[in-house]
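Peer 1: Next up, my_file13.txt (compact mmCIF, C-alpha atoms and all ligand atoms).
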```txt
# COMPACT_ATOMS: atom_id res chain seq x y z
CA MET A 27 -36.25 -29.65 -8.12
CA ALA A 28 -36.79 -27.04 -5.47
CA HIS A 29 -34.08 -25.88 -3.11
CA VAL A 30 -34.60 -24.86 0.48
CA ILE A 31 -32.26 -23.42 3.05
CA THR A 32 -32.22 -24.89 6.51
CA ILE A 33 -30.52 -23.37 9.49
CA ASP A 34 -28.96 -24.95 12.53
CA ARG A 35 -30.06 -22.52 15.22
CA ILE A 36 -27.68 -23.92 17.79
CA ARG A 37 -24.68 -23.34 15.60
CA CYS A 38 -25.68 -19.95 14.25
CA ASP A 39 -23.70 -17.21 15.92
CA GLY A 40 -25.50 -14.29 14.40
CA TYR A 41 -22.67 -13.32 12.09
CA GLY A 42 -25.31 -12.09 9.67
CA MET A 43 -23.37 -12.62 6.49
CA CYS A 44 -26.04 -14.85 5.02
CA ALA A 45 -28.52 -11.98 5.12
CA GLU A 46 -26.09 -9.74 3.27
CA LEU A 47 -25.81 -12.24 0.45
CA LEU A 48 -29.40 -13.39 0.27
CA PRO A 49 -31.59 -10.54 1.48
CA GLU A 50 -34.47 -11.85 -0.61
CA MET A 51 -34.75 -14.90 1.62
CA ILE A 52 -33.03 -14.00 4.88
CA GLU A 53 -33.73 -11.15 7.24
CA LEU A 54 -32.00 -10.45 10.51
CA ASP A 55 -33.85 -9.94 13.75
CA ASP A 56 -32.88 -7.22 16.22
CA TRP A 57 -30.14 -9.39 17.68
CA GLY A 58 -28.61 -10.17 14.31
CA TYR A 59 -30.00 -13.69 14.01
CA PRO A 60 -31.46 -14.76 10.71
CA ILE A 61 -35.12 -15.20 9.93
CA LEU A 62 -35.72 -17.35 6.88
CA ARG A 63 -38.57 -16.72 4.56
CA ALA A 64 -40.67 -19.81 4.24
CA GLY A 65 -40.82 -21.79 1.05
CA PRO A 66 -38.47 -22.89 -1.67
CA ILE A 67 -35.79 -20.65 -3.11
CA PRO A 68 -36.75 -19.11 -6.42
CA HIS A 69 -34.72 -20.52 -9.26
CA GLN A 70 -32.82 -17.32 -10.00
CA LEU A 71 -31.63 -17.06 -6.39
CA VAL A 72 -30.13 -20.52 -6.01
CA SER A 73 -26.58 -19.46 -6.83
CA HIS A 74 -26.86 -16.61 -4.33
CA ALA A 75 -28.17 -19.07 -1.78
CA ARG A 76 -25.20 -21.31 -2.41
CA ARG A 77 -22.88 -18.42 -1.76
CA ALA A 78 -24.68 -17.51 1.44
CA VAL A 79 -24.35 -21.09 2.69
CA ASP A 80 -20.70 -21.01 1.78
CA VAL A 81 -19.86 -17.82 3.59
CA CYS A 82 -21.36 -18.72 6.96
CA PRO A 83 -18.32 -18.94 9.24
CA VAL A 84 -19.85 -21.58 11.48
CA LEU A 85 -21.47 -23.80 8.84
CA ALA A 86 -24.94 -23.23 10.24
CA LEU A 87 -26.68 -23.15 6.89
CA ARG A 88 -27.46 -25.99 4.54
CA LEU A 89 -28.88 -25.96 1.09
CA ARG A 90 -31.16 -28.92 0.55
CA THR A 91 -33.14 -30.06 -2.40
CA ALA A 92 -36.68 -30.38 -1.21
CA VAL A 93 -39.08 -33.00 -2.35
CA PRO A 94 -42.24 -31.20 -3.45
CA ALA A 95 -44.94 -31.57 -0.81
CA ASN A 96 -47.31 -33.42 -3.09
CA ALA A 97 -44.70 -36.04 -3.93
CA ARG A 98 -44.29 -37.13 -0.33
CA SER A 99 -46.16 -40.18 0.76
CA MET B 27 21.15 -14.23 -16.14
CA SER B 28 18.51 -16.93 -15.82
CA ASP B 29 19.97 -17.96 -12.47
CA GLN B 30 19.57 -14.44 -11.28
CA LEU B 31 16.06 -14.33 -12.62
CA LEU B 32 15.15 -17.31 -10.45
CA TRP B 33 16.80 -15.72 -7.46
CA PHE B 34 14.92 -12.45 -7.89
CA THR B 35 11.69 -14.36 -8.40
CA THR B 36 12.23 -16.23 -5.15
CA ARG B 37 12.75 -13.03 -3.25
CA GLY B 38 9.88 -11.20 -4.87
CA ALA B 39 7.44 -14.06 -4.38
CA GLY B 40 8.51 -14.36 -0.75
CA ILE B 41 7.82 -10.69 -0.11
CA VAL B 42 4.46 -10.81 -1.88
CA SER B 43 3.57 -13.92 0.14
CA LEU B 44 4.35 -12.07 3.36
CA ILE B 45 2.12 -9.18 2.39
CA LEU B 46 -0.74 -11.40 1.20
CA LEU B 47 -0.65 -13.67 4.25
CA THR B 48 -0.58 -10.63 6.51
CA ALA B 49 -3.73 -9.42 4.79
CA VAL B 50 -5.27 -12.88 5.18
CA VAL B 51 -4.58 -12.92 8.92
CA CYS B 52 -5.97 -9.41 9.39
CA LEU B 53 -9.08 -10.21 7.36
CA GLY B 54 -9.55 -13.44 9.29
CA ILE B 55 -9.44 -11.58 12.58
CA THR B 56 -11.81 -8.97 11.20
CA THR B 57 -14.21 -11.77 10.24
CA ALA B 58 -14.00 -13.28 13.72
CA ILE B 59 -14.70 -9.91 15.32
CA ARG B 60 -17.67 -9.42 12.99
CA TRP B 61 -16.71 -5.89 12.21
CA GLN B 62 -18.72 -4.14 9.55
CA SER B 63 -19.62 -0.69 8.39
CA SER B 64 -22.18 0.75 6.06
CA GLU B 65 -19.72 0.66 3.15
CA TRP B 66 -18.10 -2.62 4.03
CA PRO B 67 -20.41 -5.60 4.55
CA ARG B 68 -19.15 -8.61 6.42
CA PHE B 69 -19.29 -11.05 3.55
CA LEU B 70 -16.72 -8.87 1.80
CA THR B 71 -14.25 -9.45 4.63
CA ALA B 72 -14.94 -13.17 4.60
CA GLN B 73 -14.66 -13.58 0.84
CA LEU B 74 -11.50 -11.48 0.63
CA HIS B 75 -10.06 -13.56 3.46
CA ARG B 76 -10.66 -16.71 1.48
CA ASN B 77 -9.68 -15.47 -1.96
CA ILE B 78 -6.45 -13.80 -0.87
CA ALA B 79 -5.56 -16.97 1.03
CA LEU B 80 -6.00 -18.98 -2.17
CA LEU B 81 -3.99 -16.42 -4.12
CA SER B 82 -1.16 -16.61 -1.60
CA VAL B 83 -0.84 -20.34 -2.29
CA ALA B 84 0.35 -19.48 -5.78
CA PHE B 85 2.98 -17.06 -4.51
CA VAL B 86 4.24 -19.40 -1.82
CA ALA B 87 4.46 -22.15 -4.43
CA VAL B 88 6.51 -19.91 -6.73
CA HIS B 89 8.69 -18.88 -3.80
CA VAL B 90 9.45 -22.48 -2.88
CA VAL B 91 9.78 -23.91 -6.39
CA THR B 92 12.09 -21.18 -7.66
CA SER B 93 14.36 -21.48 -4.65
CA VAL B 94 14.60 -25.24 -5.09
CA ILE B 95 15.32 -25.21 -8.83
CA ASP B 96 17.77 -22.35 -8.55
CA PRO B 97 21.10 -24.04 -9.34
CA PHE B 98 22.98 -21.52 -7.23
CA THR B 99 21.50 -22.74 -3.96
CA SER B 100 20.91 -26.34 -5.10
CA LEU B 101 18.67 -26.90 -2.12
CA GLY B 102 16.87 -30.01 -3.30
CA TRP B 103 13.28 -30.92 -2.65
CA ALA B 104 13.89 -32.50 0.72
CA ALA B 105 15.07 -29.17 2.10
CA ALA B 106 11.82 -27.58 0.95
CA LEU B 107 9.59 -30.21 2.52
CA ILE B 108 11.36 -31.56 5.59
CA PRO B 109 11.97 -28.96 8.29
CA PHE B 110 15.60 -28.40 9.29
CA SER B 111 16.95 -30.82 6.68
CA SER B 112 18.69 -28.12 4.70
CA TYR B 113 22.44 -27.72 4.92
CA TYR B 114 21.91 -24.10 3.98
CA ARG B 115 20.65 -21.79 6.76
CA THR B 116 19.13 -24.77 8.51
CA ILE B 117 17.16 -22.94 11.18
CA TRP B 118 15.77 -20.12 9.07
CA LEU B 119 14.75 -22.34 6.19
CA GLY B 120 13.30 -24.88 8.60
CA LEU B 121 11.04 -22.23 10.12
CA GLY B 122 9.88 -21.32 6.63
CA VAL B 123 9.09 -24.95 5.84
CA ILE B 124 7.06 -25.35 9.05
CA SER B 125 5.23 -22.12 8.33
CA MET B 126 4.39 -23.31 4.84
CA GLU B 127 3.16 -26.68 6.04
CA LEU B 128 0.97 -25.20 8.76
CA THR B 129 -0.48 -22.74 6.25
CA LEU B 130 -1.17 -25.60 3.89
CA ALA B 131 -2.96 -27.51 6.65
CA VAL B 132 -5.10 -24.48 7.40
CA ILE B 133 -6.03 -24.00 3.76
CA VAL B 134 -6.70 -27.65 2.98
CA THR B 135 -8.93 -28.09 6.04
CA SER B 136 -10.78 -24.93 5.04
CA LEU B 137 -11.46 -26.33 1.60
CA LEU B 138 -12.72 -29.55 3.19
CA ARG B 139 -14.63 -27.70 5.90
CA ASP B 140 -17.96 -29.25 4.98
CA ARG B 141 -16.60 -32.72 5.24
CA ILE B 142 -14.38 -32.61 8.32
CA GLY B 143 -16.80 -30.69 10.48
CA ARG B 144 -16.53 -27.44 12.24
CA ARG B 145 -14.58 -28.45 15.31
CA VAL B 146 -11.61 -29.92 13.47
CA TRP B 147 -11.60 -27.06 11.01
CA ARG B 148 -11.57 -24.46 13.76
CA THR B 149 -8.89 -26.21 15.78
CA VAL B 150 -6.59 -26.42 12.77
CA HIS B 151 -7.40 -22.81 11.91
CA TRP B 152 -5.81 -21.65 15.16
CA LEU B 153 -2.49 -22.83 13.71
CA SER B 154 -2.52 -19.64 11.65
CA TYR B 155 -1.32 -17.84 14.74
CA ALA B 156 1.79 -20.00 14.65
CA ALA B 157 2.23 -20.14 10.89
CA TRP B 158 2.27 -16.40 10.32
CA PRO B 159 4.93 -15.45 12.89
CA LEU B 160 7.12 -18.36 11.76
CA GLY B 161 6.92 -17.03 8.23
CA VAL B 162 7.88 -13.55 9.40
CA VAL B 163 10.86 -14.86 11.37
CA HIS B 164 11.92 -16.97 8.39
CA GLY B 165 11.90 -13.91 6.16
CA PHE B 166 13.67 -11.74 8.66
CA GLY B 167 16.29 -14.40 9.34
CA THR B 168 17.18 -15.39 5.82
CA GLY B 169 15.64 -12.87 3.44
CA SER B 170 18.29 -11.31 1.21
CA ASP B 171 16.60 -7.95 1.53
CA ALA B 172 15.58 -8.30 5.15
CA THR B 173 17.66 -5.43 6.43
CA ALA B 174 17.10 -3.05 3.53
CA VAL B 175 15.19 0.00 4.65
CA TRP B 176 12.22 -0.61 2.37
CA MET B 177 11.99 -4.23 3.48
CA LEU B 178 12.23 -3.25 7.13
CA ALA B 179 9.31 -0.93 6.47
CA ILE B 180 7.28 -3.74 4.90
CA GLN B 181 8.05 -6.15 7.72
CA GLY B 182 7.36 -3.52 10.34
CA GLY B 183 4.08 -2.65 8.68
CA CYS B 184 3.02 -6.31 8.58
CA VAL B 185 3.90 -6.95 12.22
CA LEU B 186 2.15 -3.77 13.26
CA ALA B 187 -0.98 -4.67 11.28
CA VAL B 188 -1.31 -8.14 12.77
CA GLY B 189 -0.37 -6.89 16.24
CA LEU B 190 -3.12 -4.28 16.14
CA CYS B 191 -5.65 -6.83 14.89
CA VAL B 192 -4.76 -9.24 17.69
CA ILE B 193 -5.17 -6.49 20.29
CA TRP B 194 -8.45 -5.52 18.67
CA ARG B 195 -9.66 -9.12 18.86
CA LEU B 196 -8.64 -9.54 22.51
CA GLU B 197 -10.40 -6.30 23.42
CA THR B 198 -13.54 -7.27 21.53
CA ASP B 199 -13.62 -10.71 23.16
CA ARG B 200 -13.17 -9.16 26.57
CA SER B 201 -15.99 -6.68 26.22
CA ALA B 202 -18.24 -9.43 24.81
CA ARG B 203 -17.47 -11.54 27.86
CA ARG B 204 -18.20 -8.67 30.18
CA ARG B 205 -21.51 -8.07 28.46
CA ALA B 206 -22.40 -11.76 28.76
CA GLU B 207 -21.57 -11.68 32.47
CA ILE B 208 -23.78 -8.66 33.04
CA ASP B 209 -26.60 -10.33 31.13
CA ALA B 210 -26.17 -13.54 33.12
CA ARG B 211 -26.24 -11.71 36.48
CA GLY B 212 -29.53 -10.23 35.46
CA ASP B 213 -29.21 -7.14 37.64
CA VAL B 214 -29.20 -4.96 34.59
CA VAL B 215 -32.09 -5.08 32.18
CA PRO B 216 -30.46 -4.67 28.80
CA TRP B 217 -33.73 -4.19 27.02
CA VAL B 218 -37.32 -3.92 28.03
S1 LIG C 301 -24.03 -16.41 8.34
FE1 LIG C 301 -24.24 -18.23 9.60
S2 LIG C 301 -23.81 -17.57 11.68
FE2 LIG C 301 -24.23 -15.81 10.43
S3 LIG C 301 -26.34 -15.33 10.76
FE3 LIG C 301 -26.16 -16.52 8.92
S4 LIG C 301 -26.42 -18.60 9.62
FE4 LIG C 301 -26.00 -17.41 11.43
```
Hey, can you dump this file as structure tokens for me?
Ligand code: SF4

Peer 2:
Amino acid sequence: MAHVITIDRIRCDGYGMCAELLPEMIELDDWGYPILRAGPIPHQLVSHARRAVDVCPVLALRLRTAVPANARS
Amino acid sequence: MSDQLLWFTTRGAGIVSLILLTAVVCLGITTAIRWQSSEWPRFLTAQLHRNIALLSVAFVAVHVVTSVIDPFTSLGWAAALIPFSSYYRTIWLGLGVISMELTLAVIVTSLLRDRIGRRVWRTVHWLSYAAWPLGVVHGFGTGSDATAVWMLAIQGGCVLAVGLCVIWRLETDRSARRRAEIDARGDVVPWV
């Protein structure tokens, strides 16, 4: 089962902590707002992703389990 | 001897709680300000804030339990849970009880943050600004060591630390507001 991170752009306040904890998947733009890398989170990064979701002070991030594209009807 | 042991434990745990909760408040404010440096990333502040808060629960619990079971004071559980119900130092103990209960509310809502939603969590979190000073006043009012020089130094240090953090936060909020106003007026081009 693949995991993806989703972000609520309205909530995000640009605290930037997520990028510190998951630099493999999250970059910050010049204003400190996160840019997510597209695609599922590699297996070995899931626990880091969980921690990044956890640390966001405004609960803007969610970790979802994605249904693989080919399984969708 | 064992009575005395309980009594010393109560005092020690109270003092450690004060120091830990002071650190928690300062780290919380530092998180809100979004301060960081090249050696100190922001998640470190946030995680320390949380973990020290959880650690402080243990010390507050020891502080309360040992003072209740200490046969010398024979406070009883009601005195530890219902504000101002204690025959012994009613006001000072009552403030401590309120402080503990507010702190508990802040911590429990933080643990349930995902479920209760951000607005409730944040609103309850503001109670920290009441809980901490109440705890300080409780310690100053009834602490057995409160007027010893070393304890005065600890209390002074804690009040100073939180005071400076609050000033820092107010200043940061003010300059952020000013920057937002300038941006909104649009007569300054902040970037090209
Ligand atoms: S930690 Fe949360 S608020 Fe901060 S940049 Fe990431 S998503 Fe936005």

Peer 1: Nearest to ligand LIG 301 (chain C): which of A:Arg90, A:Val81, A:His69, A:Ala28 is it, counting only C-alpha atoms and all ligand atoms?

Peer 2: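 Residue with the minimum atom-to-atom distance to ligand LIG 301 (chain C): A:Val81.
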
Peer 1: For chain B against ligand LIG 301 (chain C), with a cut-off of 10 Å and counting only C-alpha atoms and all ligand atoms, what is the closest atom pair and its distance in Å to one decimal for every residue that makes the cut, ordered by chain and number, as CSV?

Peer 2:
```
residue,atom,partner,partner_atom,distance
B:Arg60,CA,C:LIG301,FE2,9.5
B:Arg68,CA,C:LIG301,S1,9.4
B:Phe69,CA,C:LIG301,S1,8.6
```

Peer 1: If we count only C-alpha atoms, what is near segment 153-161 of chain B at a cut-off of 6 Å, once residues fewer than 3 positions away on the same chain are taken out, given as a ChimeraX atom specification?

Peer 2: /B:121-122,125,128-129,150,164

Peer 1: Calculated over all atoms listed in the file, which of the candidates B:Cys184, B:Ala179, B:Val91, B:Ile59 has the smallest distance to Gly40 of chain A?

Peer 2: B:Ile59

Peer 1: Which residue is closest to Thr168 of chain B? Choose from B:Val88, B:Ile117, B:Ile95, B:Leu53 and count only C-alpha atoms.

Peer 2: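 Answer, going by the shortest atom-to-atom distance: B:Ile117.
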
Peer 1: Counting all atoms listed in the file, which of B:Val162, B:Ala72, B:Ile55, B:Leu44 gets nearest to chain A?

Peer 2: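 Going through B:Val162, B:Ala72, B:Ile55, B:Leu44 one by one, the smallest distance to chain A is for B:Ala72.
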
Peer 1: Rank B:Ala79, B:Ala210, B:Val185, B:Leu31 by their smallest atom-to-atom distance to Val163 of chain B, using only C-alpha atoms, and report the top residue only.

Peer 2: B:Val185

Peer 1: Between atom CA of Val79 of chain A and atom CA of Leu70 of chain B, what is the spacing in Å?

Peer 2: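 Distance reported for this atom pair: 14.4 Å.
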
Peer 1: Chain B residues within 10 Å of chain A, counting only C-alpha atoms: which ones, as an mmCIF file with C-alpha atoms, in the frame of the given file?

Peer 2:
```cif
data_model
loop_
_atom_site.group_PDB
_atom_site.id
_atom_site.type_symbol
_atom_site.label_atom_id
_atom_site.label_comp_id
_atom_site.auth_asym_id
_atom_site.auth_seq_id
_atom_site.Cartn_x
_atom_site.Cartn_y
_atom_site.Cartn_z
ATOM 1 C CA THR B 57 -14.210 -11.770 10.240
ATOM 2 C CA ALA B 58 -14.000 -13.280 13.720
ATOM 3 C CA ILE B 59 -14.700 -9.910 15.320
ATOM 4 C CA ARG B 60 -17.670 -9.420 12.990
ATOM 5 C CA TRP B 61 -16.710 -5.890 12.210
ATOM 6 C CA PRO B 67 -20.410 -5.600 4.550
ATOM 7 C CA ARG B 68 -19.150 -8.610 6.420
ATOM 8 C CA PHE B 69 -19.290 -11.050 3.550
ATOM 9 C CA LEU B 70 -16.720 -8.870 1.800
ATOM 10 C CA THR B 71 -14.250 -9.450 4.630
ATOM 11 C CA ALA B 72 -14.940 -13.170 4.600
ATOM 12 C CA GLN B 73 -14.660 -13.580 0.840
ATOM 13 C CA ARG B 76 -10.660 -16.710 1.480
ATOM 14 C CA ARG B 139 -14.630 -27.700 5.900
ATOM 15 C CA ASP B 140 -17.960 -29.250 4.980
ATOM 16 C CA GLY B 143 -16.800 -30.690 10.480
ATOM 17 C CA ARG B 144 -16.530 -27.440 12.240
ATOM 18 C CA ARG B 145 -14.580 -28.450 15.310
ATOM 19 C CA TRP B 147 -11.600 -27.060 11.010
ATOM 20 C CA ARG B 148 -11.570 -24.460 13.760
#
```

Peer 1: Could you tell me how far atom CA of Phe34 of chain B lies from atom CA of Val90 of chain B, in Å and to one decimal?

Peer 2: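 According to the coordinates, atom CA of Phe34 of chain B and atom CA of Val90 of chain B are separated by 12.5 Å.
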
Peer 1: Can you tell me how far atom CA of Trp66 of chain B sits from atom CA of Ser82 of chain B, in Å to one decimal?

Peer 2: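 Answer for the atom CA of Trp66 of chain B to atom CA of Ser82 of chain B separation: 22.7 Å.
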
Peer 1: For a quick check of your reading of the model, name the residues lying within 10 Å of the coordinate (-34.7, -21.7, 3.7), counting all atoms listed in the file, and write them as a list in words.

Peer 2: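 Taken together, the residues in range are His29, Val30, Ile31, Thr32, Ile33, Met51, Ile52, Ile61, Leu62, Arg63, Ala64, Gly65, Pro66, Ile67, Ala75, Leu87, Arg88, Leu89 and Arg90 of chain A.
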